[in-house]
Each structure stands twice: as structure tokens, then as C-alpha cells.
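Asker: The following block contains the structure, expressed as C-alpha cells.
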Amino acid sequence: MAYEKELDAAKKAASLAARLCQKVQKALLQSDVQSKSDKSPVTVADYGSQAVVSLLLQRELISEPFSLVAEEDSADLRKEGSQDIIERITKLVNDTLATEDPLKPIDSTLSTDDILRAIDCGTSEGGPNGRHWVLDPIDGTKGFLRGDQYAVALGLLEEGKVVLGVLACPNLPLASIAGNDNKNKNSSSSEEKGCLFYATIGSGTYMQPLDSRSEPVKVHVSSVENPEDASFFESFEGAHSLHDLSSSIANKLGVKAPPVRIDSQAKYGALSRGDGAIYLRFPHKGYREKIWDHVAGAIVVTGNNNIINITIYRICECECNIWFCLWDAEAGGIVTDAGGKALDFSKGKYLDLDTGIIVANEKIMPLLLKAVRDSIAEQENASSL
Ligand SMILES: Nc1ncnc2c1ncn2[C@@H]1O[C@H](COP(=O)(O)O)[C@@H](O)[C@H]1OP(=O)(O)O
Ligand SMILES: [Mg+2]
Ligand SMILES: [Mg+2]
Ligand SMILES: [Mg+2]
């Protein structure tokens with residue numbers, strides 16, 4: 001299998017980083033009200049997760065040049081008064097790495113400088129040439145703080161295309177979340193939780209328990225053809241996505257189920273196994289999407305589709321005004337911007353998008369594109385009145 005070595009390293013790195021995040025979130029949820037309003041736990045977990053992934057990838061892929069485009073950098077940690085927080089991060093990273101293989105002797109304890117350097121390995125700009133790892137060390141910080149969904153999201157770009165993705169979702173139930181109410185989807189409950197999704201180009205998407213206690217299973221997106229039977233996912237946070245626009249699109253499609261609102265790229269993971277059929281993401285004007293928020297999720301939900309070769313043809317735009325789409329597709333989902341264009345991860349840290357991001361299976365996508373276009377046009381007309 002292509003990218004086998006890289007996938008092993010990425011799964012190990014994301015799982016270990018997720019273990020670090022789980023430890024911090026557990027302590028946070030057990031803490032008193034006063035320390036809950038303190039945002040430093042998420043800071044510690046963000047940086048700690050980034051350091052773990054950076055160190056693990058470099059250690060496991062020692063013979064390869066290493067480029068990492070990641071969300072965090074150490075600038076704030078190098079400011080005066082940050083010594084205490086750097087020491088907390090360093091201890092957390094050392095403790096986490098020591099759990100990797102309890103029988104293996106620990107080579108040496110990492111210093112605060114080692115940790116800062118590991119974090120700063122993530123300052124690559126990415127782009128269309130060569131290989132770049134792409135990392136969101138905690139995607140969905142709001143969810144993390146609430147005790148809800150978040151993900152460690154790690155992907156690999158080769159010549160600007162996504163070739164590998166791993167999503168560790170510590171709070172996502174192993175069983176489908178379809179049909180539960182929104183509260184259950186986000187909150188902690190006693191059901192078994194912790195999913196690791198992964199995909200490499202051309203090999204489909206797999207899911208296994210985050211603690212590897214059982215074998216991976218191949219997953220597929222929903223095969224629902226009638227949007228009336230589909231359910232749609234969107235951000236939990238109204239500040240991250242326009243819920244009104246999503247609701248107008250869902251109405252046009254005839255979707256009957258209420259929106260499923262969950263944080264982070266856990267949405268892509270849940271969609272990849274068919275828990276829902278549509279993902280709608282429409283950030284407020286002026287927000288620029290970053291590649292680390294979509295690289296891993298996009299390949300996980302696309303699965304068997306060769307996302308390199310998605311081509312969308314607008315064959316007919318006469319009276320019927322319907323978009324006909326042709327994809328080089330097998331079984332996975334389709335991820336495009338609101339105009340139907342495949343996401344382009346080759347432009348550096350930012351995605352250059354038309355309005356938003358939408359995901360659906362190939363049966364629903366043409367109808368969805370039309371509903372999106374009509375809803376956006378209506379909204380523009382209303383605001384110009
Ligand atoms: N104003 C915003 N609009 C859209 N997305 C945002 C905004 N602010 C932060 N984000 C990012 O959106 C993602 C979470 O999206 P969701 O709403 O789907 O949970 C995260 O990557 C989060 O960053 P972060 O990684 O720092 O949490
Ligand atoms: Mg993010
Ligand atoms: Mg983040
Ligand atoms: Mg952030």
C-alpha cells in the first residue's frame with residue numbers, strides 16, 4: 001500500500017496527541033468553576049499536542065525531509081511570563097511520550113527548548129511543491145473546553161494534493177450518532193467513545209477505536225439518495241457557520257431531520273461512516289479557512305474517491321438551471337466549495353474559497369449545489385433590497 005510508513009507514523013502521532021488532550025480535558029472537566037474560566041488548559045493541550053505530533057513524525061520518518069504546516073507557533077510561549085506554562089507543556093509531553101511504550105526505556109527527557117523547537121517545526125508555508133504534513137493539534141477548541149467534540153487532525157500533502165489523512169476524535173462514540181438528539185452527540189456519556197479515522201489516496205477510509213482494542217473497519221458515506229431522508233451536519237458554534245443559510249438550503253432540499261450540530265472535523269469522521277449525509281459550512285464574511293481545518297477531514301470523507309480528479313461540468317444552465325456533475329468517483333463523499341469547485345490545498349496556509357464548504361454523496365451533490373446557489377442568491381437579493 002502506498003504511504004504505509006507515513007500512515008503508521010501519522011496514526012501513532014495522532015493517537016498519542018489525543019491521549020495528551022484527553023488527559024487535559026479530563027482534568028479540566030473535574031476542575032472547579034474558577035479554573036474552568038481559565039483558558040490555559042486548552043493552550044497547554046494545543047501546544048502539547050503539536051509538539052507530540054512533530055516529535056513523533058520526525059522520529060518515525062527520520063530519513064525524510066520534514067515540513068509541517070501547523071496551527072500553533074511558539075511566539076507567545078517565548079514572551080516573558082510564560083515560563084510556567086512552557087514547563088507545564090514540557091512535563092505533559094514527556095509524560096505522554098513515556099506512555100507510548102511503557103517497556104521501552106526512555107532515551108532522554110526533553111527540555112523546554114526541545115519542546116519549543118518541536119512546536120516551531122510547524123511554521124512551514126506549504127504550497128504546491130513537495131511534501132507537507134498539515135496539522136490542527138486541537139480542532140474545535142470551543143468543543144474541547146465545553147467537554148464536547150474535538151479532533152487531532154493530521155494530513156499529508158504531496159505536490160499540493162491530499163494523499164493521507166488521520167482524524168483522532170476522542171469523544172466521538174464508536175457507534176453511529178445518527179438519530180440521537182444533539183445533546184447526546186456533543187456531551188459525554190457512558191457509551192464507548194474514541195474513534196480514529198484514516199485514509200490514504202485510493203485505499204478508502206477506515207475507522208478503529210482510538211485505543212486500538214479492535215481491528216479497523218472500512219467505512220462508507222451514506223448512500224441516501226433522497227435528500228428528504230438525509231440529515232445534515234453543521235458547526236455547533238453559530239459564530240463559525242451561518243445556521244440561517246444552512247436551514248434555508250435544507251428547506252429547499254426537503255430535509256426533514258433537524259441539523260446535527262457538533263464541533264470540529266469530527267463531523268467529517270461521522271459523515272465518512274454515514275451517520276449523516278450532508279455537511280454545510282458557511283463562515284461569516286471575512287473569515288478565511290485554513291488548510292489544517294479541512295485536509296484530514298476531506299480525504300477521510302472522500303475515501304475511495306480520487307479527489308485529485310474531481311471535475312465538475314456545468315453542462316446545462318438554461319431554463320432548468322440544473323447543475324450536472326461528473327466525478328471521477330467510486331464510493332466516497334464529495335467535498336467542494338459552495339460553487340462546486342474541489343478544495344485546493346496547494347495555495348499555502350489558506351483556502352481560496354467561493355463562500356463555503358459543502359459535503360455530500362455523489363447522488364445528493366447536484367441537488368445540493370443547486371439549493372446552495374439558490375439560497376445564496378435569495379440571501380443576496382434580500383440584503384440588496
Ligand atoms: N470565526 C470562525 N469562523 C469559522 N471557523 C472558525 C472561526 N473561529 C475559529 N474557527 C475554527 O473553526 C473550526 C471549528 O469549527 P467547528 O465550528 O466546525 O467546530 C476550528 O478549526 C476553529 O479553530 P480551532 O482549531 O482553533 O478550534
Ligand atoms: Mg481548527
Ligand atoms: Mg486548532
Ligand atoms: Mg485555534
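In the C-alpha cells, each chain is lettered A, B, ... as it comes, each chain's residues begin at 1, and ligands are numbered from 1 in order of appearance.
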List every residue of range 165-313 of chain A that DSSP, applied to the backbone, labels as helix (DSSP H, G or I), and write the result as a ChimeraX atom specification.
Answerer: /A:182-186,227-229,243-253,266-272,291-293,295-302,307-309
Asker: Could you give me, as a PDB file with N, CA and C atoms, in the first residue's frame, every polymer residue with an atom at most 10 Å away from an atom of ligand 4, counting only C-alpha atoms and all ligand atoms?
Answerer:
```pdb
ATOM      1  N   VAL A  42      -6.512  24.634  27.541  1.00  0.00           N
ATOM      2  CA  VAL A  42      -6.580  24.368  26.105  1.00  0.00           C
ATOM      3  C   VAL A  42      -5.283  24.809  25.428  1.00  0.00           C
ATOM      4  N   THR A  43      -4.681  25.865  25.947  1.00  0.00           N
ATOM      5  CA  THR A  43      -3.401  26.328  25.401  1.00  0.00           C
ATOM      6  C   THR A  43      -2.338  25.249  25.608  1.00  0.00           C
ATOM      7  N   ASP A  46      -3.131  22.341  23.259  1.00  0.00           N
ATOM      8  CA  ASP A  46      -2.846  22.704  21.859  1.00  0.00           C
ATOM      9  C   ASP A  46      -1.360  22.578  21.547  1.00  0.00           C
ATOM     10  N   GLU A  71      -1.108  24.776  13.102  1.00  0.00           N
ATOM     11  CA  GLU A  71      -1.811  25.977  13.552  1.00  0.00           C
ATOM     12  C   GLU A  71      -0.996  26.814  14.541  1.00  0.00           C
ATOM     13  N   GLU A  72      -0.273  26.172  15.436  1.00  0.00           N
ATOM     14  CA  GLU A  72       0.374  26.932  16.520  1.00  0.00           C
ATOM     15  C   GLU A  72       1.836  27.249  16.214  1.00  0.00           C
ATOM     16  N   ASP A 136      -3.780  20.261  12.635  1.00  0.00           N
ATOM     17  CA  ASP A 136      -4.508  21.042  13.628  1.00  0.00           C
ATOM     18  C   ASP A 136      -4.408  20.245  14.933  1.00  0.00           C
ATOM     19  N   PRO A 137      -3.609  20.727  15.892  1.00  0.00           N
ATOM     20  CA  PRO A 137      -3.348  19.905  17.083  1.00  0.00           C
ATOM     21  C   PRO A 137      -4.580  19.711  17.950  1.00  0.00           C
ATOM     22  N   ILE A 138      -5.439  20.734  18.036  1.00  0.00           N
ATOM     23  CA  ILE A 138      -6.801  20.545  18.572  1.00  0.00           C
ATOM     24  C   ILE A 138      -7.724  21.321  17.654  1.00  0.00           C
ATOM     25  N   ASP A 139      -8.531  20.612  16.926  1.00  0.00           N
ATOM     26  CA  ASP A 139      -9.530  21.262  16.085  1.00  0.00           C
ATOM     27  C   ASP A 139     -10.824  21.261  16.879  1.00  0.00           C
ATOM     28  N   GLY A 140     -11.399  22.466  17.034  1.00  0.00           N
ATOM     29  CA  GLY A 140     -12.622  22.568  17.837  1.00  0.00           C
ATOM     30  C   GLY A 140     -12.301  22.889  19.286  1.00  0.00           C
ATOM     31  N   THR A 141     -11.524  23.949  19.485  1.00  0.00           N
ATOM     32  CA  THR A 141     -11.142  24.303  20.864  1.00  0.00           C
ATOM     33  C   THR A 141     -12.367  24.636  21.722  1.00  0.00           C
ATOM     34  N   LYS A 142     -13.396  25.194  21.085  1.00  0.00           N
ATOM     35  CA  LYS A 142     -14.621  25.533  21.832  1.00  0.00           C
ATOM     36  C   LYS A 142     -15.264  24.252  22.366  1.00  0.00           C
ATOM     37  N   ASP A 293      -7.801  22.926   8.863  1.00  0.00           N
ATOM     38  CA  ASP A 293      -9.174  22.660   9.298  1.00  0.00           C
ATOM     39  C   ASP A 293      -9.920  21.721   8.344  1.00  0.00           C
TER      40      ASP A 293
END
```
Asker: Would you mind listing what lies within 10 Å of Met1 in chain A as a list in words, with only C-alpha atoms counted and same-chain residues fewer than 4 positions away left out?
Answerer: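 Close residues of Met1 in chain A: Lys5, Leu7, Thr200, Ile201, Gly202 and Ser203 of chain A.
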Asker: Env of Ala230 in chain A: 7 Å cut, atoms = only C-alpha atoms, seq-sep filter 2 positions within chain, self excluded. Answer as a VMD selection string.
Answerer: chain A and resid 224 226 to 228 232 255 276 to 277
Asker: Using only C-alpha atoms, please write the residues we just selected to a file, as an mmCIF file, in the first residue's frame.
Answerer:
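Contents of out_22.cif, freshly written:
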```cif
data_model
loop_
_atom_site.group_PDB
_atom_site.id
_atom_site.type_symbol
_atom_site.label_atom_id
_atom_site.label_comp_id
_atom_site.auth_asym_id
_atom_site.auth_seq_id
_atom_site.Cartn_x
_atom_site.Cartn_y
_atom_site.Cartn_z
ATOM 1 C CA VAL A 224 -29.168 8.073 0.847
ATOM 2 C CA ASN A 226 -33.465 11.333 -1.448
ATOM 3 C CA PRO A 227 -32.498 14.495 0.472
ATOM 4 C CA GLU A 228 -35.763 14.218 2.411
ATOM 5 C CA PHE A 232 -27.126 17.439 7.771
ATOM 6 C CA VAL A 255 -34.555 17.680 4.563
ATOM 7 C CA GLY A 276 -25.383 11.875 8.311
ATOM 8 C CA ALA A 277 -25.390 12.661 4.594
#
```
Asker: So which residues touch Val93 in chain A within 8 Å, counting only C-alpha atoms, skipping near sequence neighbours fewer than 5 positions away, as a VMD selection string?
Answerer: chain A and resid 20 48 to 49 51 to 52
Asker: Could you please take those selected residues and save C-alpha atoms as a JSON list (two decimals), in the first residue's frame?
Answerer:
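Saved result, selection36.json, follows:
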```json
[["chain", "number", "residue", "atom", "x", "y", "z"],
["A", 20, "LEU", "CA", -2.42, 14.06, 25.85],
["A", 48, "GLY", "CA", 1.49, 19.86, 23.75],
["A", 49, "SER", "CA", -0.41, 18.05, 21.00],
["A", 51, "ALA", "CA", 4.88, 19.09, 19.98],
["A", 52, "VAL", "CA", 3.98, 15.38, 20.29]]
```
Asker: Using CA of Val152 in chain A and CA of Asp8 in chain A as the two end points, give the distance in Å to one decimal.
Answerer: 15.4 Å
Asker: Between CA of Ile119 in chain A and CA of Lys91 in chain A, what distance in Å does the model show, to one decimal?
Answerer: 14.6 Å
Asker: Can I get the residues close to ligand 1 as a ChimeraX atom specification, where close means within 9 Å and we count only C-alpha atoms and all ligand atoms?
Answerer: /A:46,71,136-144,149-151,234-241,261-267,281-290,292-294
Asker: What does the distance from CA of Ile357 in chain A to CA of Ala153 in chain A come to in Å, to one decimal?
Answerer: 17.3 Å
Asker: Please extract the residues of range 29-218 of chain A with a backbone DSSP assignment of strand (DSSP E) and present them as a VMD selection string.
Answerer: chain A and resid 68 to 70 131 to 139 151 to 158 161 to 173 193 to 200 205 to 209 217 to 218
Asker: Using only C-alpha atoms for the distances, tell me which of A:Ala75, A:Ala13, A:Val335, A:Leu97 is nearest to Ile299 in chain A.
Answerer: A:Val335
Asker: So that I can see what lies close to Val300 in chain A, please list as a list in words the residues with an atom at most 9 Å from it, counting only C-alpha atoms and leaving out residues fewer than 2 positions away in the same chain.
Answerer: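 So the residues in contact are Leu164, Gly165, Val166, Leu167, Phe197, Tyr198, Ala199, Thr200, Gly204, Thr205, Tyr206, Tyr268, Gly269, Ser272, Val295, Ala296, Gly297, Ala298, Thr302, Gly303, Gly332 and Gly333 of chain A.
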Asker: Can you tell me which residues surround Ala178 in chain A at a distance of at most 12 Å, considering only C-alpha atoms, apart from same-chain residues fewer than 4 positions away, and format the answer as a VMD selection string?
Answerer: chain A and resid 172 to 174 182 184 to 185 222 229 to 233 257 to 261 267 270 to 271 273 to 277
Asker: Generate a file of the selected residues that holds C-alpha atoms, formatted as an mmCIF file, in the first residue's frame.
Answerer:
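Contents of the output file out09.cif:
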```cif
data_model
loop_
_atom_site.group_PDB
_atom_site.id
_atom_site.type_symbol
_atom_site.label_atom_id
_atom_site.label_comp_id
_atom_site.auth_asym_id
_atom_site.auth_seq_id
_atom_site.Cartn_x
_atom_site.Cartn_y
_atom_site.Cartn_z
ATOM 1 C CA LEU A 172 -16.935 10.582 19.261
ATOM 2 C CA PRO A 173 -18.958 7.442 20.093
ATOM 3 C CA LEU A 174 -17.837 4.301 18.267
ATOM 4 C CA ASN A 182 -27.963 16.999 19.558
ATOM 5 C CA ASN A 184 -26.186 13.369 23.249
ATOM 6 C CA LYS A 185 -23.944 13.917 20.266
ATOM 7 C CA SER A 222 -24.358 7.429 3.462
ATOM 8 C CA ASP A 229 -34.217 11.221 4.158
ATOM 9 C CA ALA A 230 -30.855 12.897 4.707
ATOM 10 C CA SER A 231 -29.659 14.627 7.827
ATOM 11 C CA PHE A 232 -27.126 17.439 7.771
ATOM 12 C CA PHE A 233 -24.215 18.396 9.979
ATOM 13 C CA ALA A 257 -34.410 15.976 10.216
ATOM 14 C CA PRO A 258 -33.150 18.838 12.406
ATOM 15 C CA PRO A 259 -29.498 19.900 11.958
ATOM 16 C CA VAL A 260 -26.875 17.864 13.769
ATOM 17 C CA ARG A 261 -24.563 20.381 15.409
ATOM 18 C CA LYS A 267 -18.175 15.982 11.521
ATOM 19 C CA ALA A 270 -19.067 10.913 11.386
ATOM 20 C CA LEU A 271 -20.060 11.605 7.756
ATOM 21 C CA ARG A 273 -19.276 6.320 8.208
ATOM 22 C CA GLY A 274 -22.727 7.503 7.120
ATOM 23 C CA ASP A 275 -24.037 8.992 10.384
ATOM 24 C CA GLY A 276 -25.383 11.875 8.311
ATOM 25 C CA ALA A 277 -25.390 12.661 4.594
#
```
Asker: Using only C-alpha atoms and all ligand atoms, can you tell me which of A:Gln30, A:Asp244, A:Val134, A:Cys195 comes closest to ligand 2?
Answerer: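 For ligand 2, the nearest of the given residues is A:Val134.
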Asker: Of the candidates A:Ala10, A:Val69, A:Leu245, A:Ile334, which one gets nearest to Tyr350 in chain A if we count only C-alpha atoms?
Answerer: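 Looking at the shortest contact to Tyr350 in chain A, the residue is A:Val69.
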Asker: Which residue, A:Cys121, A:Ala70, A:Ala175, A:Ala14, has the smallest gap to ligand 3 when you use only C-alpha atoms and all ligand atoms?
Answerer: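 For ligand 3, the nearest of the given residues is A:Ala70.
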Asker: Kindly indicate which residue among A:Val372, A:Leu16, A:Ala338, A:Val44 lies nearest to Gly356 in chain A, using only C-alpha atoms for the distances.
Answerer: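 The shortest atom-to-atom distance to Gly356 in chain A comes from A:Ala338.
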Asker: Rank nothing, just name the residue among A:Leu135, A:Tyr279, A:Asp84, A:Gly160 nearest to ligand 2, using only C-alpha atoms and all ligand atoms.
Answerer: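 Under the stated criterion, the closest residue is A:Leu135.
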